[in-house]
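**Student:** Following this line is coords_3.pdb, made up of PDB, C-alpha atoms and all ligand atoms:
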ATOM      1  CA  MET C   1     111.867 109.757  87.516  1.00  0.00           C
ATOM      2  CA  LYS C   2     113.553 107.541  90.083  1.00  0.00           C
ATOM      3  CA  ILE C   3     111.420 104.948  91.870  1.00  0.00           C
ATOM      4  CA  GLY C   4     112.790 102.557  94.479  1.00  0.00           C
ATOM      5  CA  VAL C   5     111.723  98.972  95.060  1.00  0.00           C
ATOM      6  CA  LEU C   6     112.190  97.702  98.595  1.00  0.00           C
ATOM      7  CA  ALA C   7     114.476  94.701  98.100  1.00  0.00           C
ATOM      8  CA  LEU C   8     114.675  93.026 101.513  1.00  0.00           C
ATOM      9  CA  GLN C   9     112.530  89.982 100.667  1.00  0.00           C
ATOM     10  CA  GLY C  10     109.817  88.978  98.202  1.00  0.00           C
ATOM     11  CA  ALA C  11     108.962  89.712  94.559  1.00  0.00           C
ATOM     12  CA  PHE C  12     111.016  92.862  94.054  1.00  0.00           C
ATOM     13  CA  ARG C  13     112.750  92.093  90.735  1.00  0.00           C
ATOM     14  CA  GLU C  14     109.479  91.815  88.832  1.00  0.00           C
ATOM     15  CA  HIS C  15     108.469  95.278  90.076  1.00  0.00           C
ATOM     16  CA  ARG C  16     111.773  96.707  88.925  1.00  0.00           C
ATOM     17  CA  TRP C  17     111.300  95.273  85.434  1.00  0.00           C
ATOM     18  CA  MET C  18     107.714  96.530  85.286  1.00  0.00           C
ATOM     19  CA  LEU C  19     108.705 100.060  86.330  1.00  0.00           C
ATOM     20  CA  GLU C  20     111.532 100.116  83.778  1.00  0.00           C
ATOM     21  CA  ARG C  21     109.153  98.966  81.082  1.00  0.00           C
ATOM     22  CA  CYS C  22     106.908 101.927  82.031  1.00  0.00           C
ATOM     23  CA  GLY C  23     109.832 104.323  81.502  1.00  0.00           C
ATOM     24  CA  ALA C  24     110.879 104.974  85.115  1.00  0.00           C
ATOM     25  CA  GLU C  25     114.372 104.578  86.508  1.00  0.00           C
ATOM     26  CA  ALA C  26     114.037 101.776  89.065  1.00  0.00           C
ATOM     27  CA  VAL C  27     116.513 101.090  91.865  1.00  0.00           C
ATOM     28  CA  GLU C  28     116.623  98.496  94.645  1.00  0.00           C
ATOM     29  CA  VAL C  29     116.365  99.856  98.191  1.00  0.00           C
ATOM     30  CA  ARG C  30     118.151  98.182 101.096  1.00  0.00           C
ATOM     31  CA  LYS C  31     119.683 101.028 103.120  1.00  0.00           C
ATOM     32  CA  PRO C  32     118.152 104.240 104.523  1.00  0.00           C
ATOM     33  CA  GLU C  33     120.360 106.367 102.175  1.00  0.00           C
ATOM     34  CA  ASP C  34     118.832 104.608  99.174  1.00  0.00           C
ATOM     35  CA  LEU C  35     115.584 106.491  99.912  1.00  0.00           C
ATOM     36  CA  ASP C  36     117.071 109.983  99.709  1.00  0.00           C
ATOM     37  CA  ASP C  37     116.276 110.997  96.150  1.00  0.00           C
ATOM     38  CA  LEU C  38     113.276 108.805  95.346  1.00  0.00           C
ATOM     39  CA  ALA C  39     110.005 110.130  93.943  1.00  0.00           C
ATOM     40  CA  GLY C  40     108.286 106.865  94.829  1.00  0.00           C
ATOM     41  CA  LEU C  41     108.787 103.533  96.560  1.00  0.00           C
ATOM     42  CA  VAL C  42     107.257 100.130  95.806  1.00  0.00           C
ATOM     43  CA  ILE C  43     106.883  97.659  98.676  1.00  0.00           C
ATOM     44  CA  PRO C  44     106.539  94.195  97.133  1.00  0.00           C
ATOM     45  CA  GLY C  45     104.649  91.068  98.092  1.00  0.00           C
ATOM     46  CA  GLY C  46     106.383  88.457 100.187  1.00  0.00           C
ATOM     47  CA  GLU C  47     106.019  87.777 103.884  1.00  0.00           C
ATOM     48  CA  SER C  48     104.918  90.878 105.773  1.00  0.00           C
ATOM     49  CA  THR C  49     106.235  89.774 109.189  1.00  0.00           C
ATOM     50  CA  THR C  50     109.703  89.157 107.716  1.00  0.00           C
ATOM     51  CA  ILE C  51     109.771  92.391 105.722  1.00  0.00           C
ATOM     52  CA  GLY C  52     108.505  94.346 108.769  1.00  0.00           C
ATOM     53  CA  LYS C  53     111.206  92.896 110.996  1.00  0.00           C
ATOM     54  CA  LEU C  54     113.902  93.701 108.440  1.00  0.00           C
ATOM     55  CA  LEU C  55     112.562  97.262 108.029  1.00  0.00           C
ATOM     56  CA  VAL C  56     113.178  97.812 111.745  1.00  0.00           C
ATOM     57  CA  GLU C  57     116.552  96.021 111.803  1.00  0.00           C
ATOM     58  CA  TRP C  58     117.888  97.878 108.772  1.00  0.00           C
ATOM     59  CA  GLY C  59     116.792 101.286 110.046  1.00  0.00           C
ATOM     60  CA  LEU C  60     114.334 101.822 107.208  1.00  0.00           C
ATOM     61  CA  MET C  61     111.033 102.052 109.096  1.00  0.00           C
ATOM     62  CA  ASP C  62     111.371 105.625 110.371  1.00  0.00           C
ATOM     63  CA  LYS C  63     113.151 106.855 107.271  1.00  0.00           C
ATOM     64  CA  ILE C  64     110.325 105.646 105.013  1.00  0.00           C
ATOM     65  CA  ARG C  65     107.792 107.412 107.267  1.00  0.00           C
ATOM     66  CA  THR C  66     109.794 110.646 107.121  1.00  0.00           C
ATOM     67  CA  ARG C  67     110.156 110.483 103.341  1.00  0.00           C
ATOM     68  CA  ALA C  68     106.435 109.712 102.904  1.00  0.00           C
ATOM     69  CA  ALA C  69     105.561 112.728 105.055  1.00  0.00           C
ATOM     70  CA  ALA C  70     107.794 114.796 102.741  1.00  0.00           C
ATOM     71  CA  GLY C  71     105.789 113.640  99.706  1.00  0.00           C
ATOM     72  CA  MET C  72     107.394 110.390  98.522  1.00  0.00           C
ATOM     73  CA  ALA C  73     104.661 108.198  97.029  1.00  0.00           C
ATOM     74  CA  ILE C  74     104.390 104.560  98.126  1.00  0.00           C
ATOM     75  CA  TYR C  75     102.761 101.614  96.355  1.00  0.00           C
ATOM     76  CA  GLY C  76     102.343  98.405  98.392  1.00  0.00           C
ATOM     77  CA  THR C  77     101.352  95.054  96.834  1.00  0.00           C
ATOM     78  CA  CYS C  78     100.038  92.228  99.016  1.00  0.00           C
ATOM     79  CA  ALA C  79     102.541  92.053 101.916  1.00  0.00           C
ATOM     80  CA  GLY C  80     103.350  95.672 100.982  1.00  0.00           C
ATOM     81  CA  MET C  81      99.691  96.590 101.471  1.00  0.00           C
ATOM     82  CA  ILE C  82      99.753  94.939 104.904  1.00  0.00           C
ATOM     83  CA  LEU C  83     102.824  96.983 105.847  1.00  0.00           C
ATOM     84  CA  LEU C  84     101.117 100.229 104.794  1.00  0.00           C
ATOM     85  CA  ALA C  85      98.031  99.582 106.933  1.00  0.00           C
ATOM     86  CA  ARG C  86      97.274 101.344 110.191  1.00  0.00           C
ATOM     87  CA  GLU C  87      95.578  98.218 111.535  1.00  0.00           C
ATOM     88  CA  ILE C  88      96.361  94.536 110.887  1.00  0.00           C
ATOM     89  CA  VAL C  89      93.478  92.503 112.283  1.00  0.00           C
ATOM     90  CA  GLY C  90      94.697  90.257 115.125  1.00  0.00           C
ATOM     91  CA  SER C  91      98.383  91.133 114.750  1.00  0.00           C
ATOM     92  CA  ASP C  92     100.803  93.532 116.397  1.00  0.00           C
ATOM     93  CA  GLN C  93     103.581  92.888 113.856  1.00  0.00           C
ATOM     94  CA  PRO C  94     105.727  95.888 112.809  1.00  0.00           C
ATOM     95  CA  ARG C  95     104.201  98.048 110.078  1.00  0.00           C
ATOM     96  CA  LEU C  96     104.511 101.534 108.599  1.00  0.00           C
ATOM     97  CA  GLY C  97     100.910 102.290 109.604  1.00  0.00           C
ATOM     98  CA  LEU C  98     100.548 105.120 107.078  1.00  0.00           C
ATOM     99  CA  MET C  99      97.254 104.223 105.434  1.00  0.00           C
ATOM    100  CA  ASP C 100      93.936 104.584 107.204  1.00  0.00           C
ATOM    101  CA  VAL C 101      92.771 101.017 106.557  1.00  0.00           C
ATOM    102  CA  ALA C 102      92.321  97.775 108.495  1.00  0.00           C
ATOM    103  CA  VAL C 103      93.655  94.731 106.613  1.00  0.00           C
ATOM    104  CA  ARG C 104      93.147  91.049 107.227  1.00  0.00           C
ATOM    105  CA  ARG C 105      96.014  88.726 106.288  1.00  0.00           C
ATOM    106  CA  ASN C 106      95.572  85.478 104.325  1.00  0.00           C
ATOM    107  CA  ALA C 107      92.005  86.621 104.156  1.00  0.00           C
ATOM    108  CA  PHE C 108      90.494  84.682 101.281  1.00  0.00           C
ATOM    109  CA  GLY C 109      90.726  81.369 103.139  1.00  0.00           C
ATOM    110  CA  ARG C 110      92.776  78.221 102.701  1.00  0.00           C
ATOM    111  CA  GLN C 111      90.775  76.820  99.816  1.00  0.00           C
ATOM    112  CA  ARG C 112      91.622  79.999  97.934  1.00  0.00           C
ATOM    113  CA  GLU C 113      95.337  80.255  98.769  1.00  0.00           C
ATOM    114  CA  SER C 114      95.925  81.374  95.231  1.00  0.00           C
ATOM    115  CA  PHE C 115      93.421  82.494  92.592  1.00  0.00           C
ATOM    116  CA  GLU C 116      92.885  84.917  89.754  1.00  0.00           C
ATOM    117  CA  ALA C 117      90.016  87.311  89.180  1.00  0.00           C
ATOM    118  CA  ASP C 118      88.973  89.930  86.622  1.00  0.00           C
ATOM    119  CA  LEU C 119      88.525  93.278  88.326  1.00  0.00           C
ATOM    120  CA  LYS C 120      86.516  96.210  87.082  1.00  0.00           C
ATOM    121  CA  VAL C 121      88.529  99.346  87.734  1.00  0.00           C
ATOM    122  CA  PRO C 122      86.819 102.501  86.379  1.00  0.00           C
ATOM    123  CA  GLU C 123      90.144 104.421  86.348  1.00  0.00           C
ATOM    124  CA  PHE C 124      91.587 101.917  83.877  1.00  0.00           C
ATOM    125  CA  GLY C 125      88.716 101.834  81.395  1.00  0.00           C
ATOM    126  CA  ALA C 126      86.538  98.971  80.119  1.00  0.00           C
ATOM    127  CA  GLU C 127      89.236  96.286  79.950  1.00  0.00           C
ATOM    128  CA  PRO C 128      89.215  94.407  83.291  1.00  0.00           C
ATOM    129  CA  VAL C 129      92.386  93.934  85.320  1.00  0.00           C
ATOM    130  CA  ARG C 130      93.419  90.264  85.590  1.00  0.00           C
ATOM    131  CA  ALA C 131      94.531  90.052  89.215  1.00  0.00           C
ATOM    132  CA  VAL C 132      96.705  87.288  90.695  1.00  0.00           C
ATOM    133  CA  PHE C 133      96.077  86.730  94.423  1.00  0.00           C
ATOM    134  CA  ILE C 134      98.593  84.687  96.449  1.00  0.00           C
ATOM    135  CA  ARG C 135      97.721  84.132 100.126  1.00  0.00           C
ATOM    136  CA  ALA C 136      96.313  87.572  99.745  1.00  0.00           C
ATOM    137  CA  PRO C 137      95.052  90.043 102.308  1.00  0.00           C
ATOM    138  CA  TYR C 138      92.100  92.341 101.771  1.00  0.00           C
ATOM    139  CA  ILE C 139      91.075  95.678 103.223  1.00  0.00           C
ATOM    140  CA  GLU C 140      88.229  95.141 105.645  1.00  0.00           C
ATOM    141  CA  SER C 141      87.492  98.779 106.403  1.00  0.00           C
ATOM    142  CA  ALA C 142      88.818 102.124 105.252  1.00  0.00           C
ATOM    143  CA  GLY C 143      88.716 105.661 106.635  1.00  0.00           C
ATOM    144  CA  PRO C 144      86.970 108.548 104.852  1.00  0.00           C
ATOM    145  CA  GLY C 145      90.170 109.750 103.157  1.00  0.00           C
ATOM    146  CA  VAL C 146      90.636 106.453 101.334  1.00  0.00           C
ATOM    147  CA  LYS C 147      89.432 106.020  97.759  1.00  0.00           C
ATOM    148  CA  ILE C 148      88.251 102.471  97.015  1.00  0.00           C
ATOM    149  CA  MET C 149      89.225 101.579  93.445  1.00  0.00           C
ATOM    150  CA  ALA C 150      88.255  97.884  93.253  1.00  0.00           C
ATOM    151  CA  ALA C 151      86.747  95.089  95.333  1.00  0.00           C
ATOM    152  CA  VAL C 152      86.109  91.341  95.152  1.00  0.00           C
ATOM    153  CA  GLY C 153      82.646  91.030  96.657  1.00  0.00           C
ATOM    154  CA  ASP C 154      82.787  93.189  99.788  1.00  0.00           C
ATOM    155  CA  HIS C 155      86.539  92.917 100.058  1.00  0.00           C
ATOM    156  CA  ILE C 156      88.561  95.939  98.998  1.00  0.00           C
ATOM    157  CA  VAL C 157      91.569  95.001  96.852  1.00  0.00           C
ATOM    158  CA  ILE C 158      92.747  98.347  95.385  1.00  0.00           C
ATOM    159  CA  ALA C 159      92.775 101.564  97.422  1.00  0.00           C
ATOM    160  CA  ARG C 160      94.424 104.952  97.333  1.00  0.00           C
ATOM    161  CA  GLN C 161      94.943 107.591  99.993  1.00  0.00           C
ATOM    162  CA  GLY C 162      96.761 110.681  98.701  1.00  0.00           C
ATOM    163  CA  ASN C 163     100.258 109.575  97.732  1.00  0.00           C
ATOM    164  CA  LEU C 164      99.681 105.994  98.942  1.00  0.00           C
ATOM    165  CA  LEU C 165      98.440 103.165  96.696  1.00  0.00           C
ATOM    166  CA  ALA C 166      97.747  99.564  97.725  1.00  0.00           C
ATOM    167  CA  THR C 167      96.729  96.400  95.892  1.00  0.00           C
ATOM    168  CA  ALA C 168      96.008  93.022  97.503  1.00  0.00           C
ATOM    169  CA  PHE C 169      97.246  91.237  94.375  1.00  0.00           C
ATOM    170  CA  HIS C 170     100.388  91.035  92.227  1.00  0.00           C
ATOM    171  CA  PRO C 171     100.246  93.027  88.954  1.00  0.00           C
ATOM    172  CA  GLU C 172     104.011  92.570  88.540  1.00  0.00           C
ATOM    173  CA  LEU C 173     103.365  88.871  87.820  1.00  0.00           C
ATOM    174  CA  THR C 174     101.160  89.662  84.808  1.00  0.00           C
ATOM    175  CA  ASN C 175     101.664  91.563  81.589  1.00  0.00           C
ATOM    176  CA  ASP C 176      99.256  94.328  82.629  1.00  0.00           C
ATOM    177  CA  ASP C 177     101.228  97.451  83.524  1.00  0.00           C
ATOM    178  CA  ARG C 178      98.283  99.806  84.093  1.00  0.00           C
ATOM    179  CA  ILE C 179      98.695  99.894  87.865  1.00  0.00           C
ATOM    180  CA  HIS C 180     102.386 100.766  87.631  1.00  0.00           C
ATOM    181  CA  LYS C 181     101.547 103.418  85.025  1.00  0.00           C
ATOM    182  CA  TYR C 182      98.868 104.774  87.376  1.00  0.00           C
ATOM    183  CA  PHE C 183     101.425 104.930  90.213  1.00  0.00           C
ATOM    184  CA  ILE C 184     103.793 106.896  87.957  1.00  0.00           C
ATOM    185  CA  GLU C 185     100.959 109.278  86.984  1.00  0.00           C
ATOM    186  CA  MET C 186     100.147 109.685  90.681  1.00  0.00           C
ATOM    187  CA  ILE C 187     103.727 110.800  91.282  1.00  0.00           C
ATOM    188  CA  GLN C 188     103.522 113.169  88.312  1.00  0.00           C
ATOM    189  CA  GLY C 189     100.309 114.650  89.695  1.00  0.00           C
ATOM    190  CA  LYS C 190      98.349 113.443  86.641  1.00  0.00           C
ATOM    191  CA  ALA C 191      96.247 110.841  88.478  1.00  0.00           C
TER     192      ALA C 191
HETATM  193  N1  LIG C 201     100.354  86.240 103.275  1.00  0.00           N
HETATM  194  C1  LIG C 201     101.459  87.137 103.170  1.00  0.00           C
HETATM  195  C2  LIG C 201     101.613  87.977 104.427  1.00  0.00           C
HETATM  196  O1  LIG C 201     100.743  88.000 105.244  1.00  0.00           O
HETATM  197  C3  LIG C 201     101.329  88.044 101.970  1.00  0.00           C
HETATM  198  C4  LIG C 201     101.360  87.205 100.706  1.00  0.00           C
HETATM  199  C5  LIG C 201     101.910  87.928  99.520  1.00  0.00           C
HETATM  200  O2  LIG C 201     102.531  88.992  99.627  1.00  0.00           O
HETATM  201  N2  LIG C 201     101.736  87.327  98.371  1.00  0.00           N
HETATM  202  O3  LIG C 201     102.608  88.616 104.598  1.00  0.00           O
END
Take the structure in the file and write it out as structure tokens.
**Tutor:**
Amino acid sequence: MKIGVLALQGAFREHRWMLERCGAEAVEVRKPEDLDDLAGLVIPGGESTTIGKLLVEWGLMDKIRTRAAAGMAIYGTCAGMILLAREIVGSDQPRLGLMDVAVRRNAFGRQRESFEADLKVPEFGAEPVRAVFIRAPYIESAGPGVKIMAAVGDHIVIARQGNLLATAFHPELTNDDRIHKYFIEMIQGKA
């Protein structure tokens, strides 16, 4: 199974290594043609305004939308989650707008620029997910087609809508590969 990692800016190498460790073939995506034969695409963390601008400049924005409509799965972490969202509170920055959620950027406040938390995720069993948040967004509200998989207080930090998956944190920076495995199972129709 071939999964692409958007490699314009941000933490893309770590995602590639994580996907390879989970048994997928992982390739870096920079040009529209790179998307042609992918079963899935990971959009990494980084700076969402920069990645969004580059998506437009490099001709990837529309192509990703077309491929997603044709069934390509997408997993967005942090900035990637922001780019998936239909609404970005207080911002008109470029985005894919595929997921029926409203996200707030840098949402946990300055005093919590970076923190870790143990998340209970029923899909992944009893062992909590150790989540690393870096200037993280959260999902403030979600449409009826969105499945909420984990939250910190009232703030949604893992969500899925059909073939779209989003996390506010960075699993690729930990040793826990359950989210990447879940994404692969999603593509295989097992999750
Ligand atoms: N704060 C960043 C943004 O708004 C996201 C941070 C991250 O991806 N770690 O784009």
**Student:** Kindly compute an axis-aligned box around the listed atoms of ligand LIG 201 (chain C), allowing 6 Å on each side, and express its centre and edge lengths in Å to one decimal as JSON.
**Tutor:**
{"center_x": 101.5, "center_y": 87.6, "center_z": 101.8, "size_x": 14.3, "size_y": 14.8, "size_z": 18.9}
**Student:** Enumerate as an mmCIF file with C-alpha atoms, in the frame of the given file the residues within 7 Å of ligand LIG 201 (chain C), counting only C-alpha atoms and all ligand atoms.
**Tutor:**
data_model
loop_
_atom_site.group_PDB
_atom_site.id
_atom_site.type_symbol
_atom_site.label_atom_id
_atom_site.label_comp_id
_atom_site.auth_asym_id
_atom_site.auth_seq_id
_atom_site.Cartn_x
_atom_site.Cartn_y
_atom_site.Cartn_z
ATOM 1 C CA GLY C 45 104.649 91.068 98.092
ATOM 2 C CA GLY C 46 106.383 88.457 100.187
ATOM 3 C CA GLU C 47 106.019 87.777 103.884
ATOM 4 C CA SER C 48 104.918 90.878 105.773
ATOM 5 C CA THR C 49 106.235 89.774 109.189
ATOM 6 C CA THR C 77 101.352 95.054 96.834
ATOM 7 C CA CYS C 78 100.038 92.228 99.016
ATOM 8 C CA ALA C 79 102.541 92.053 101.916
ATOM 9 C CA GLY C 80 103.350 95.672 100.982
ATOM 10 C CA ILE C 82 99.753 94.939 104.904
ATOM 11 C CA ARG C 105 96.014 88.726 106.288
ATOM 12 C CA ASN C 106 95.572 85.478 104.325
ATOM 13 C CA PHE C 133 96.077 86.730 94.423
ATOM 14 C CA ILE C 134 98.593 84.687 96.449
ATOM 15 C CA ARG C 135 97.721 84.132 100.126
ATOM 16 C CA ALA C 136 96.313 87.572 99.745
ATOM 17 C CA PRO C 137 95.052 90.043 102.308
#
**Student:** State, in Å with one decimal place, the distance from CA of Met61 (chain C) to CA of Leu96 (chain C).
**Tutor:**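 Calculated distance between CA of Met61 (chain C) and CA of Leu96 (chain C) is 6.6 Å.
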**Student:** List the neighbours of Val42 (chain C) out to 10 Å using only C-alpha atoms; skip same-chain residues closer than 3 positions along the sequence, and give me the result as a list in words.
**Tutor:** Ile3, Gly4, Val5, Leu6, Ala7, Phe12, His15, Arg16, Leu19, Ala26, Glu28, Val29, Gly45, Ala73, Ile74, Tyr75, Gly76, Thr77, Gly80, Leu165, Ala166, His180 and Phe183 of chain C
**Student:** Ranking C:Lys2, C:Lys181, C:Lys120, C:Arg67 by minimum distance to Ala24 (chain C) and counting all atoms listed in the file, which one comes first?
**Tutor:**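 Checking each of C:Lys2, C:Lys181, C:Lys120, C:Arg67 against Ala24 (chain C), counting all atoms listed in the file, the winner is C:Lys2.
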**Student:** Check which residues satisfy the PyMOL selection byres (((chain C and resi 69) around 12) and not hetatm) in the file shown, then give them as a compact mmCIF listing (two decimals) with C-alpha atoms, keeping the file's coordinate frame.
**Tutor:**
# COMPACT_ATOMS: atom_id res chain seq x y z
CA ASP C 62 111.37 105.62 110.37
CA LYS C 63 113.15 106.86 107.27
CA ILE C 64 110.32 105.65 105.01
CA ARG C 65 107.79 107.41 107.27
CA THR C 66 109.79 110.65 107.12
CA ARG C 67 110.16 110.48 103.34
CA ALA C 68 106.44 109.71 102.90
CA ALA C 70 107.79 114.80 102.74
CA GLY C 71 105.79 113.64 99.71
CA MET C 72 107.39 110.39 98.52
CA ALA C 73 104.66 108.20 97.03
CA ILE C 74 104.39 104.56 98.13
CA LEU C 96 104.51 101.53 108.60
CA LEU C 98 100.55 105.12 107.08
CA MET C 99 97.25 104.22 105.43
CA GLY C 162 96.76 110.68 98.70
CA ASN C 163 100.26 109.58 97.73
CA LEU C 164 99.68 105.99 98.94
**Student:** Which distance in Å separates CA of Gly145 (chain C) and CA of Thr50 (chain C), to one decimal?
**Tutor:** 28.7 Å
**Student:** Using only C-alpha atoms, find the one residue out of C:Gly23, C:Gly153, C:Pro144, C:Gly90 that sits nearest to Phe108 (chain C).
**Tutor:** C:Gly153
**Student:** Go through the shown structure with the PyMOL selection byres (((chain C and resi 121) around 12) and not hetatm) and write out the matching residues as a PyMOL selection string.
**Tutor:** chain C and resi 118-120+122-131+148-152+156-159+167+178-179+182
**Student:** Please work out which residues fall within 8 Å of (91.5, 101.7, 110.6), coordinates as given in the file, with only C-alpha atoms counting, and return them as a list of chain:residue names.
**Tutor:**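 In the file's frame, the residues around the point are C:Ala85, C:Arg86, C:Glu87, C:Asp100, C:Val101, C:Ala102, C:Ser141, C:Ala142, C:Gly143.
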**Student:** Only C-alpha atoms, please: the residues just picked out, written as a PDB file, in the coordinates of the input.
**Tutor:**
ATOM      1  CA  ALA C  85      98.031  99.582 106.933  1.00  0.00           C
ATOM      2  CA  ARG C  86      97.274 101.344 110.191  1.00  0.00           C
ATOM      3  CA  GLU C  87      95.578  98.218 111.535  1.00  0.00           C
ATOM      4  CA  ASP C 100      93.936 104.584 107.204  1.00  0.00           C
ATOM      5  CA  VAL C 101      92.771 101.017 106.557  1.00  0.00           C
ATOM      6  CA  ALA C 102      92.321  97.775 108.495  1.00  0.00           C
ATOM      7  CA  SER C 141      87.492  98.779 106.403  1.00  0.00           C
ATOM      8  CA  ALA C 142      88.818 102.124 105.252  1.00  0.00           C
ATOM      9  CA  GLY C 143      88.716 105.661 106.635  1.00  0.00           C
TER      10      GLY C 143
END
**Student:** So what does the PyMOL selection byres (((chain C and resi 31) around 8) and not hetatm) actually pick up in this one, as a PyMOL selection string?
**Tutor:** chain C and resi 29-30+32-35+58-60
**Student:** Between CA of Leu84 (chain C) and CA of Gly97 (chain C), what is the spacing in Å?
**Tutor:**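 According to the coordinates, CA of Gly97 (chain C) and CA of Leu84 (chain C) are separated by 5.2 Å.
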**Student:** Go through C:Ala107, C:Ala117, C:Met1, C:Met81 one by one, measure the shortest atom-to-atom distance of each to Arg160 (chain C) using all atoms listed in the file, and give the residue with the smallest value.
**Tutor:**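 Of the candidates, the smallest distance to Arg160 (chain C) is held by C:Met81.
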**Student:** May I have the residues at most 6 Å from (108.4, 112.0, 92.0) in the file's coordinates, counting all atoms listed in the file, as a list in words?
**Tutor:** Ala39, Gly40 and Ile187 of chain C
**Student:** Can you tell me, as an NGL selection string, what residues are no more than 10 Å from Asp154 (chain C) when counting only C-alpha atoms, ignoring any on the same chain fewer than 5 positions away?
**Tutor:** :C and (138-141)
**Student:** For Met18 (chain C), which of C:Ile51, C:Ile88, C:Leu173, C:Met186 is the closest residue, counting all atoms listed in the file?
**Tutor:** C:Leu173
